[in-house]
Each structure stands twice: as C-alpha cells, then as structure tokens.
Amino acid sequence: MKPLYKVLSAAVLALALGPTSAFAATVIKLAHLNNDDPFNNPAGAMASVFKNLVETGTNGEVKVELFPNGQLGSQSDVMQQVRSGVIQSSIMSEGGMASACPMIGVVDMPFAFPSINTAFDVFNGPFGKTLAKDIEGKTGLMVLGFGNSGGFFDFTNSKHPVHSPADMKGLKIRTMSLETQKALVASLGAQPVNIPWSGVYTALQTGVADGQMNPVPIISFAKLYQVQKYLTLSQHLFAPYVWVMNKQAFAKLTPEQQRVVRNAAQAAVIAGWGVAMAIEASDRGMPLLKKHMEVYSPTAAQLAEFRDASQPAVRKVIVEKFGKPGEALLNQFMAAIKQAEIK
C-alpha cells in the first residue's frame with residue numbers, strides 16, 4: 001500500500017491539473033514581418049485587431065500570441081513552422097508565399113489596376129477565392145484573407161529621377177524572389193537584384209542595389225528615404241499579404257470558435273486596408289517622403305510607355321513558367337479587374 005502522503009499528493013496534483021487542463025486556453029501563434037503598432041503598418045493593424053476580436057469573442061478561450069518583426073526567422077522558415085503546426089498562422093508577403101506557391105506571381109501583371117478600390121474588389125471577390133483555393137491546394141494551408149501590404153508599389157532609387165522607362169536603364173533594382181518581378185524590372189532596362197527584405201536597407205545604403213519598389217507606407221516606416229533620393233509614383237504593382245492558418249489547428253477549434261476566428265480575420269483584413277490608405281495620406285506617408293525625396297508622378301503617356309514595355313515580358317514569363325494553368329489564372333485575374341472596374 002502506498003504511503004498516505006503519496007496518495008494525498010497524487011490527489012492534490014490531479015485536482016490541480018484537472019481544472020487547469022480542462023479550461024486551458026487554446027493558443028493561436030501568429031507571426032508577421034513588421035512591428036505590432038496598429039497605426040504604423042497594415043500587418044500590425046491586422047494582427048492587433050485579430051487578437052482583440054478573437055480573445056474577446058471567445059471570452060478568452062482562444063488566446064492569440066503575436067510574433068512580429070520576423071522574430072521566428074525568414075518567411076520560408078515561418079511557412080514551414082505553420083505547415084508543421086509549430087505555430088498556427090502567419091501574415092506573409094507575396095514573396096514569402098511564392099516559395100511554396102510560385103503561381104501567385106500572376107498577380108504581378110504590371111500596371112493592371114486602375115485604382116485601389118479595384119484591387120480590394122478583386123482580392124475580396126471570386127478571383128480571391130480562386131487564388132485562395134490554389135494556395136490551399138499547393139501548401140495545405142487555409143487562407144484567411146488577402147491583406148493590403150501598403151498600397152501600390154512605386155520605384156525609388158538613389159541615382160537620378162525616373163520619368164520614363166529610358167531612365168531605368170542600368171539601375172540595380174531590388175525585387176522579391178518572384179521571376180515575374182525580375183522580368184518586370186529587366187523589361188524596363190534595369191537590373192533585378194533579389195535581396196531578402198531584412199537586407200534591403202543595408203543593400204541600398206552600401207550600393208549593392210540602387211533602388212527598390214514598395215508601397216509608400218513601407219518606404220516610410222522602413223525609413224528607406226534615408227538611403228533613397230528619388231521616388232517615382234509609378235503605382236505599377238499591387239502585391240497582397242497572404243494570411244494563412246494551419247488547417248489542423250483550425251479544425252481543433254469548436255464551431256463557434258471557428259466562426260469567431262473567420263469573422264475576426266475578415267474584420268482585421270478590412271482594418272489593414274484602411275490603415276494602409278490612412279498612413280499613405282498621413283504625415284508619416286507621402287507628406288513625410290516629400291520632405292526627404294524628390295517625388296515625380298508620371299504622365300499618362302509615360303505610364304503607357306512603362307505598361308507597354310513591361311506587360312508582354314511578364315505575361316511571357318507567366319505562360320512559360322506556369323503553362324496553361326498559369327495562363328488561365330492570369331486571364332481570370334485580368335477579367336476580374338475589368339469586371340471590378342465596371343462596377
């Protein structure tokens with residue numbers, strides 16, 4: 001027979017662990033590349049809103065732990081962590097998603113969107129669902145939504161003003177790892193340089209790259225204006241954030257918790273879109289950049305030059321790299337833009 005103190009100790013331990021285990025909160029670990037200030041960048045806004053809505057909507061049954069600023073490693077590292085269930089979710093850049101789902105490059109057709117409203121309608125409409133299905137099929141991850149990474153991409157450089165494609169000749173321009181973005185830059189006479197986001201500032205500072213392309217809010221909060229003198233408002237690309245979640249982790253939630261998570265993600269995506277546009281218009285966006293950089297808005301004729309030079313090159317890469325499925329997805333993308341423009 002066991003000593004009485006051991007029996008009592010086991011009973012106390014069981015009582016202590018029983019209720020704690022029964023009522024332990026489920027944790028969703030969410031990683032992203034930027035800081036968590038919801039007023040500083042769209043990813044931070046999305047993560048903060050999601051955390052608040054999930055925790056309040058489930059009465060604390062589901063907790064959201066945030067891992068901002070690339071704390072968990074590169075995006076390929078984070079992708080593997082989400083797939084394996086080490087963490088449950090991540091807000092990824094298009095470049096980060098491309099390592100697992102290269103065909104997302106179809107959205108890199110340059111000068112395709114006439115307005116940010118059109119981009120919102122496309123990624124939150126039928127095409128967005130088609131793209132999400134393709135991503136889920138290739139990665140095994142569910143897509144919670146497509147976020148606004150900061151608006152349209154613009155070119156910056158440290159050498160000279162860029163008014164037309166002729167001014168791009170010879171410039172070393174940083175791109176993501178996507179072949180579509182490399183083709184875009186090369187078609188304009190520049191040299192694409194693939195550099196991870198974490199090394200962009202140093203590369204621009206040291207001359208490894210002369211320029212880069214990103215939305216105004218990202219140029220601002222990354223302080224690229226400190227190492228870039230010229231900003232061309234080309235607005236040539238819209239590269240969405242892709243928000244993914246581990247399917248098994250989602251399946252372990254109760255139906256009510258799943259509803260809260262989906263609704264929270266949808267609201268957070270909308271918040272991110274709003275924050276991106278607000279930052280661009282605020283003193284931390286375009287007004288700030290104008291104090292430090294020479295800003296130029298190309299004319300309609302100059303934009304047509306950019307478009308005519310780049311679109312055939314990018315389409316060729318998509319067709320050659322992804323074949324008929326890629327061409328079909330690209331055609332759906334362009335048709336969705338046209339349909340949204342009619343609204």
# chains A, B, ... in the order shown; residues from 1 in each chain; ligands from 1
>>> select_by_dssp(residues="region 90-297 of chain A", states="helix (DSSP H, G or I)", output="number ranges by chain")
A: 94-98, 102-108, 116-123, 126-139, 165-168, 179-187, 197-206, 216-221, 224-226, 247-251, 255-281, 286-292
>>> write_last_selection(atoms="C-alpha atoms", output="JSON list (two decimals), in the first residue's frame")
[["chain", "number", "residue", "atom", "x", "y", "z"],
["A", 94, "GLU", "CA", 3.69, 37.66, -51.78],
["A", 95, "GLY", "CA", 7.40, 36.90, -52.00],
["A", 96, "GLY", "CA", 7.23, 34.68, -48.93],
["A", 97, "MET", "CA", 4.24, 32.80, -50.33],
["A", 98, "ALA", "CA", 5.95, 32.34, -53.70],
["A", 102, "PRO", "CA", 5.02, 30.24, -57.23],
["A", 103, "MET", "CA", 1.90, 30.77, -59.35],
["A", 104, "ILE", "CA", 0.88, 33.66, -57.09],
["A", 105, "GLY", "CA", 3.19, 35.60, -59.42],
["A", 106, "VAL", "CA", 0.27, 36.02, -61.83],
["A", 107, "VAL", "CA", -0.85, 38.99, -59.73],
["A", 108, "ASP", "CA", 2.39, 40.74, -60.70],
["A", 116, "ILE", "CA", -7.02, 50.68, -55.07],
["A", 117, "ASN", "CA", -10.79, 50.10, -54.91],
["A", 118, "THR", "CA", -10.46, 47.73, -57.84],
["A", 119, "ALA", "CA", -7.69, 45.81, -56.08],
["A", 120, "PHE", "CA", -9.88, 45.42, -52.99],
["A", 121, "ASP", "CA", -12.79, 44.09, -55.05],
["A", 122, "VAL", "CA", -10.57, 41.63, -56.93],
["A", 123, "PHE", "CA", -8.91, 40.06, -53.89],
["A", 126, "PRO", "CA", -14.45, 35.46, -56.80],
["A", 127, "PHE", "CA", -10.85, 35.74, -58.01],
["A", 128, "GLY", "CA", -9.63, 35.93, -54.43],
["A", 129, "LYS", "CA", -11.48, 32.68, -53.68],
["A", 130, "THR", "CA", -9.91, 31.04, -56.74],
["A", 131, "LEU", "CA", -6.43, 32.17, -55.72],
["A", 132, "ALA", "CA", -7.02, 31.01, -52.13],
["A", 133, "LYS", "CA", -8.07, 27.58, -53.40],
["A", 134, "ASP", "CA", -4.88, 27.33, -55.47],
["A", 135, "ILE", "CA", -2.74, 28.31, -52.48],
["A", 136, "GLU", "CA", -4.52, 25.84, -50.22],
["A", 137, "GLY", "CA", -4.04, 23.08, -52.77],
["A", 138, "LYS", "CA", -0.30, 23.70, -53.04],
["A", 139, "THR", "CA", 0.51, 24.43, -49.39],
["A", 165, "PRO", "CA", 11.47, 53.54, -68.92],
["A", 166, "ALA", "CA", 14.58, 55.07, -70.52],
["A", 167, "ASP", "CA", 15.57, 56.42, -67.10],
["A", 168, "MET", "CA", 15.56, 52.91, -65.61],
["A", 179, "GLU", "CA", 10.50, 35.66, -61.59],
["A", 180, "THR", "CA", 7.62, 37.92, -62.63],
["A", 181, "GLN", "CA", 9.08, 40.85, -60.69],
["A", 182, "LYS", "CA", 12.53, 40.19, -62.10],
["A", 183, "ALA", "CA", 11.07, 40.17, -65.62],
["A", 184, "LEU", "CA", 9.25, 43.43, -64.94],
["A", 185, "VAL", "CA", 12.43, 45.21, -63.86],
["A", 186, "ALA", "CA", 14.51, 43.73, -66.68],
["A", 187, "SER", "CA", 11.90, 44.73, -69.30],
["A", 197, "TRP", "CA", 13.57, 42.18, -47.01],
["A", 198, "SER", "CA", 15.79, 42.09, -43.91],
["A", 199, "GLY", "CA", 18.78, 43.16, -46.02],
["A", 200, "VAL", "CA", 17.16, 45.84, -48.19],
["A", 201, "TYR", "CA", 18.14, 48.93, -46.18],
["A", 202, "THR", "CA", 21.80, 47.88, -45.97],
["A", 203, "ALA", "CA", 21.88, 46.94, -49.65],
["A", 204, "LEU", "CA", 20.58, 50.37, -50.61],
["A", 205, "GLN", "CA", 22.92, 52.07, -48.16],
["A", 206, "THR", "CA", 26.01, 50.28, -49.49],
["A", 216, "VAL", "CA", 4.62, 54.45, -49.77],
["A", 217, "PRO", "CA", 3.85, 53.27, -46.18],
["A", 218, "ILE", "CA", 6.60, 50.65, -46.36],
["A", 219, "ILE", "CA", 9.11, 53.13, -47.79],
["A", 220, "SER", "CA", 8.19, 55.39, -44.89],
["A", 221, "PHE", "CA", 8.22, 53.05, -41.88],
["A", 224, "LEU", "CA", 14.18, 53.98, -46.97],
["A", 225, "TYR", "CA", 14.04, 57.71, -47.64],
["A", 226, "GLN", "CA", 17.31, 57.90, -45.68],
["A", 247, "LYS", "CA", -5.82, 23.53, -41.13],
["A", 248, "GLN", "CA", -5.41, 21.05, -38.30],
["A", 249, "ALA", "CA", -5.18, 23.86, -35.76],
["A", 250, "PHE", "CA", -8.34, 25.41, -37.16],
["A", 251, "ALA", "CA", -10.15, 22.04, -37.13],
["A", 255, "PRO", "CA", -17.60, 25.53, -34.49],
["A", 256, "GLU", "CA", -18.28, 28.73, -32.56],
["A", 257, "GLN", "CA", -14.57, 29.45, -32.16],
["A", 258, "GLN", "CA", -14.07, 28.85, -35.88],
["A", 259, "ARG", "CA", -16.80, 31.36, -36.65],
["A", 260, "VAL", "CA", -15.14, 33.93, -34.38],
["A", 261, "VAL", "CA", -11.72, 33.34, -35.99],
["A", 262, "ARG", "CA", -13.05, 33.69, -39.53],
["A", 263, "ASN", "CA", -15.01, 36.84, -38.70],
["A", 264, "ALA", "CA", -12.07, 38.32, -36.81],
["A", 265, "ALA", "CA", -9.75, 37.68, -39.74],
["A", 266, "GLN", "CA", -12.19, 39.28, -42.17],
["A", 267, "ALA", "CA", -12.53, 42.37, -39.98],
["A", 268, "ALA", "CA", -8.76, 42.52, -39.48],
["A", 269, "VAL", "CA", -8.14, 42.39, -43.24],
["A", 270, "ILE", "CA", -10.53, 45.31, -43.77],
["A", 271, "ALA", "CA", -8.79, 47.23, -40.96],
["A", 272, "GLY", "CA", -5.44, 46.63, -42.63],
["A", 273, "TRP", "CA", -6.70, 48.02, -45.93],
["A", 274, "GLY", "CA", -7.94, 51.13, -44.17],
["A", 275, "VAL", "CA", -4.73, 51.64, -42.19],
["A", 276, "ALA", "CA", -2.61, 51.35, -45.35],
["A", 277, "MET", "CA", -4.54, 54.13, -47.05],
["A", 278, "ALA", "CA", -4.60, 56.27, -43.93],
["A", 279, "ILE", "CA", -0.82, 56.00, -43.45],
["A", 280, "GLU", "CA", -0.18, 56.94, -47.07],
["A", 281, "ALA", "CA", -2.21, 60.14, -46.64],
["A", 286, "MET", "CA", 3.52, 60.87, -48.66],
["A", 287, "PRO", "CA", 3.95, 64.22, -46.86],
["A", 288, "LEU", "CA", 6.94, 62.77, -44.97],
["A", 289, "LEU", "CA", 8.54, 61.37, -48.11],
["A", 290, "LYS", "CA", 8.14, 64.68, -49.92],
["A", 291, "LYS", "CA", 10.26, 66.31, -47.21],
["A", 292, "HIS", "CA", 13.14, 63.92, -47.89]]
>>> residues_around(residues="Thr175 (chain A)", least_positions_apart="2", cutoff="7 Å", atoms="only C-alpha atoms", output="VMD selection string")
chain A and resid 173 177 181 to 182 192 to 195 212
>>> atom_distance(atom1="CA of Ser158 (chain A)", atom2="CA of Ala112 (chain A)")
26.5 Å
>>> select_by_dssp(residues="region 16-102 of chain A", states="strand (DSSP E)", output="VMD selection string")
chain A and resid 26 to 31 62 to 67 89 to 92
>>> write_last_selection(atoms="C-alpha atoms", output="compact mmCIF listing (two decimals), in the first residue's frame")
# COMPACT_ATOMS: atom_id res chain seq x y z
CA THR A 26 -6.25 27.37 -26.96
CA VAL A 27 -3.36 29.41 -28.37
CA ILE A 28 -3.02 30.76 -31.92
CA LYS A 29 0.55 31.87 -32.55
CA LEU A 30 0.57 34.49 -35.33
CA ALA A 31 3.78 35.66 -37.00
CA VAL A 62 -8.69 31.27 -27.54
CA LYS A 63 -5.59 33.36 -26.98
CA VAL A 64 -3.56 34.95 -29.77
CA GLU A 65 0.20 35.30 -29.30
CA LEU A 66 1.90 37.68 -31.71
CA PHE A 67 5.41 37.24 -33.10
CA SER A 89 -0.78 31.30 -38.51
CA SER A 90 1.22 33.87 -40.45
CA ILE A 91 0.66 37.04 -42.47
CA MET A 92 3.07 36.60 -45.37
>>> closest_residue(among="A:Gln81, A:Gln302, A:Ser297, A:Thr156", to="Val244 (chain A)", atoms="only C-alpha atoms")
A:Gln81
>>> residues_around(residues="Met109 (chain A)", least_positions_apart="3", cutoff="10 Å", atoms="only C-alpha atoms", output="VMD selection string")
chain A and resid 105 to 106 112 to 113 180 to 181 184 236 to 238 307 310 to 315 318 330 333 to 334
>>> atom_distance(atom1="CA of Gly147 (chain A)", atom2="CA of Thr58 (chain A)")
23.5 Å
>>> closest_residue(among="A:Ala222, A:Ile337, A:Ala309, A:Val162", to="Asn69 (chain A)", atoms="only C-alpha atoms")
A:Ala222
>>> atom_distance(atom1="CA of Lys252 (chain A)", atom2="CA of Gly85 (chain A)")
11.9 Å
>>> closest_residue(among="A:Ala24, A:Met46, A:Ala100, A:Val86", to="Leu144 (chain A)", atoms="only C-alpha atoms")
A:Met46
